[in-house]
Amino acid sequence: MLDKKYNAEEKENKWLNYWKENGIYNFKPDQREVFSIDTPPPTVNGKIHIGHIFSYSQTEMIARYKRLRGFNIFYPFGFDDNGLPSERLVEKEQGKKAHEIGREEFSKLCYETTDKYEEEFQELFSKMGVSTDWNIHYKTVSPSTIKISQRSFLDLINKGHCYHKESPALWCNECLTSIAQAELETKTIKTTFNYVNFKTVEDGEEFTIATTRPELLPAIVCVFVNPNDEKHNHLIGKTAHIPVIDVEVPIMADEKVAIDKGTGVVMCCTFGDQTDIEWWKKYNLPLKYIFTDNGRIIESVANYGGMKIKEARKQILEDLQAGGFVVKIEELEHEVQTHERCGKEVEYSVMKQWFIDTMNHKDDFIKIGNEIKWHPDHMHNRYNEWVENIMWDWCISRQRYFGVPFPVWYCKDCGEPIFATEEQLPVNPLTDKPVVDKCPKCSCTEFVPETDVMDTWATSSVTPLINMKYGEKNNYESILKPMSLRTNASEIIRTWDFYTIVKSFYHFGTRPWDNVMISGFVMANKGEKISKSKGNSKVEPMDAINQYSADVVRYWAGTGRLGTDIVFSDETLLRGKKLINKIWNVSKFIEMHLVDYEDKEFNNYEYIDKWILGKFQEMENGFLKYLDEYEVGLALNHLEKFFWNFCDNYIEIVKHRLYRPEEFGIEPRYSGQKTVYTILYKLLQDFSIFFPFITEEIYQELYKDNKSIHLTEIKPLEFNFSKEMESGDSIIDIISQVRGQKTINSVSLKTPVKDLKLSVNKDLKDAIESSIKDFSATLFIQNLEMNEVKNDYSIDNFELDFDLKD
RNA sequence: GGAUUCUUAGCUCAGUUGGUUAGAGCACCUGCCUUACAAGCAGGGGGUCACAGGUUCGAGUCCUGUAGAGUCCACCA
């Protein structure tokens, strides 16, 4: 028997253990078709927030749905524990920088710390009812992952898509590493726009340059004006004298200079921004790199050497002012590019780095993108936009410690890279040696290991490869190429989705998945994104689970449209709580009336039973259609609507028949039993996608025809009750009107109706006559008269039996 | 500046391919302790579907424009 009250905490723990002990979600290849899900390995940087719960739940629901449709679900969980996020977490916890701790010790701390958090993550996701097979979960720094990641790198090297080159790259002097374009975040900052006077060497003519970065004056290699700028084009070909720094540089022409921006005269440095790099390449300008890798001016710069960038900015500006070179200083708010991991402004650096070619195959990436179904469809645009606007090859070198090592050494003499062999993988060049004993190019016998590690995205972009055990024996390549579904939030389309496509294209020439499902964000308030810096997340996932139960939190996560942002709302949680409570109560009611029930073939359904069976069938078809489009929220909404109709209308009608077989007959009662038995079973299946716990509890108590409701299969009904469905709706409408009359008269709904006269059309008259006992019992009608009219229907007379009230 | 989504009841949101009087929950008001459920049931009030045009027999739904908001990207000398 179901308990009087549902104890969520107790039952949820019970079923978690049961699922685990019985391996309900374990993956084993068999004859069934595989549905595979490439779910994001969460970054192990300390906290799972409510946004994770939201998007992971939506993915999870798809896993459950596909399982119920007979697919063999391959749904491994992973943790993205390598790279900068983990390092920053450790640095924060230790209160020390990585280089202060030492490479080896620091790596150890990283492993320990990520292990600790992964346990917490796993517990939280388990508690949410994530139906993953924890036996096949992966980490992005385990030996097997490192092996696959290095194998991927070597394959790209062999195919010529990956190269080592000295080139300007984005540099973070907080994290002391190069970074990729995708890791940039634009931020608005306040600064000053400084108008500085320069002079031509030839005739001493003054002209003004506006700059936000006077500290770059020592790095100026030339000055540009637009050849069409009538005010300034006479300067072209002359020489500019840089004030304070006392250096002379040429004045050159380039049409990229905007005449109306600033003063129309631009200083070009190596490197202040992207345009500087372009000009540097285009005009073969000299390199005057003046920053150290930790954000200071290099010692060789007179007067300012050794200063931090911002100190130098202030000092140079003061010196310019003192020399009378500053015309004016304007307050300015503008956007700067910062590193998303630390929020610090990025600079540019020149060093040898490993790059993956992303610029030469844009068309192919677009083509692959077109082969994938994006849900919702418009997210495809974001992908295309990004690919079209890429300006850099993908720099995958990071001058850090905790990550996948490059399987590379360099010849000490000639610098020739020596790659590890397949047999050596996984390899750590710092402790391992190359198999060759001399450089194939210059025969030198000494090698220098690569100390850089790979960018975290370089590894997370191979999750499909990790899943299919790329290049290993007994791999899953045949069943996971491509995978069925990738899911993630919209913010990482440009990174995770894009890079995964890049890798898949280079390795196999094919798409990595058939479908991509993009979830929205959880907003703190309407129009306000949850951000760590603001600390505006209003709820901790664990608190929400403890307060409301995992099923209820899942309800919240399962509402709303795919790809649409959602606000965390107590109202929605309350609504879920009520729904779950209702499922419990109606199940209790149905259980009560099934004690003597035996399931057998039966076709002689009562009219109103046909109505609800037909309605269910219609609802479920729509429900399944939504889910096939990955619209979990719309599916839930649709199901919920039916469910309340089922409870408030159908159950209220059928209960009389279930209670009083002596009055209604054994067979009509059986018809009702069979109907509630059938519909509840299917409702539980449908709801189990969203509420895996409570539905399991009820299923195990009432049905138990399998080890778990989650291993059953949804088989749509195949009735043809369209006539009953239409007239049944009219009957419900009349019932509703009569109830309304009772309420208006302030009497209880069981107050008898002495006399009811209806005008109804032929179909409805037949329908009511076919269900006359149910109809009269539901409304407590003593005397009913029906007058047949052409169309429509109305209540002509309504009389209550007040004597019988109470 | 480019792309994209959104604007529906006081609040949070639904509204399949255009089809009669626009829906739900919360809040508010009224009635009902009815043998599953008062965390319930029955009912009620409340909307120029952002605004302006257009297509159509018919527009919340399609098209164009305007305003506002979110997100992504770019610019940032």
# chains A, B, ... in the order shown; residues from 1 in each chain; ligands from 1

call {"tool": "interface_residues", "arguments": {"of": "chain B", "to": "chain A", "cutoff": "8 Å", "atoms": "only C-alpha atoms (C1' of nucleotides)", "output": "list in words"}}
result
A3, U4, U12, C13, A14, G25, C26, G31, C32, U34, A36, C37, A39, A42, G43, A69, G70, C72, C73, C76 and A77 of chain B

call {"tool": "select_by_dssp", "arguments": {"residues": "stretch 259-474 of chain A", "states": "helix (DSSP H, G or I)", "output": "ChimeraX atom specification"}}
result
/A:274-282,309-322,362-371,379-388,422-424,456-460,463-467

call {"tool": "select_by_dssp", "arguments": {"residues": "stretch 130-267 of chain A", "states": "strand (DSSP E or B)", "output": "ChimeraX atom specification"}}
result
/A:138-139,162-172,177-179,184-200,206-211,220-225,239-242,247-253,265-267

call {"tool": "closest_residue", "arguments": {"among": "B:A22, B:A67, B:C62, B:A38", "to": "B:U8", "atoms": "only C-alpha atoms (C1' of nucleotides)"}}
result
B:A22

call {"tool": "residues_around", "arguments": {"residues": "A:Thr712", "least_positions_apart": "4", "cutoff": "8 Å", "atoms": "only C-alpha atoms (C1' of nucleotides)", "output": "MDAnalysis selection string"}}
result
chainID A and resid 68 685 706 708

call {"tool": "closest_residue", "arguments": {"among": "A:Glu347, A:Asp551, A:Glu87, A:Glu206", "to": "A:Glu696", "atoms": "only C-alpha atoms"}}
result
A:Asp551

call {"tool": "residues_around", "arguments": {"residues": "A:Tyr499", "least_positions_apart": "2", "cutoff": "9 Å", "atoms": "only C-alpha atoms (C1' of nucleotides)", "output": "ChimeraX atom specification"}}
result
/A:394,457-458,460-462,493-497,501-504

call {"tool": "atom_distance", "arguments": {"atom1": "atom CA of A:Glu205", "atom2": "atom CA of A:Lys256"}}
result
23.6 Å

call {"tool": "atom_distance", "arguments": {"atom1": "atom CA of A:Lys308", "atom2": "atom CA of A:Ala240"}}
result
26.7 Å

call {"tool": "residues_around", "arguments": {"residues": "stretch 317-322 of chain A", "least_positions_apart": "6", "cutoff": "9 Å", "atoms": "only C-alpha atoms (C1' of nucleotides)", "output": "PyMOL selection string"}}
result
chain A and resi 194+196+214-215+243-244

call {"tool": "write_last_selection", "arguments": {"atoms": "C-alpha atoms", "output": "compact mmCIF listing (two decimals), in the first residue's frame"}}
result
# COMPACT_ATOMS: atom_id res chain seq x y z
CA ASN A 194 44.48 61.08 -24.05
CA VAL A 196 48.96 63.70 -27.35
CA PRO A 214 50.16 56.02 -23.56
CA GLU A 215 52.37 53.33 -22.02
CA PRO A 243 57.48 62.89 -27.49
CA VAL A 244 59.16 61.92 -24.20

call {"tool": "residues_around", "arguments": {"residues": "B:G58", "least_positions_apart": "3", "cutoff": "12 Å", "atoms": "only C-alpha atoms (C1' of nucleotides)", "output": "PDB file with C-alpha atoms (C1' of nucleotides), in the first residue's frame"}}
result
ATOM      1  C1'   G B  18      -2.707  31.346 -39.085  1.00  0.00           C
ATOM      2  C1'   G B  19      -9.234  29.084 -37.705  1.00  0.00           C
ATOM      3  C1'   U B  20     -14.838  30.340 -33.579  1.00  0.00           C
ATOM      4  C1'   U B  55      -0.692  39.981 -46.496  1.00  0.00           C
TER       5        U B  55
END

call {"tool": "closest_residue", "arguments": {"among": "B:G44, B:U16, B:C49, B:C6", "to": "B:G68", "atoms": "only C-alpha atoms (C1' of nucleotides)"}}
result
B:C6
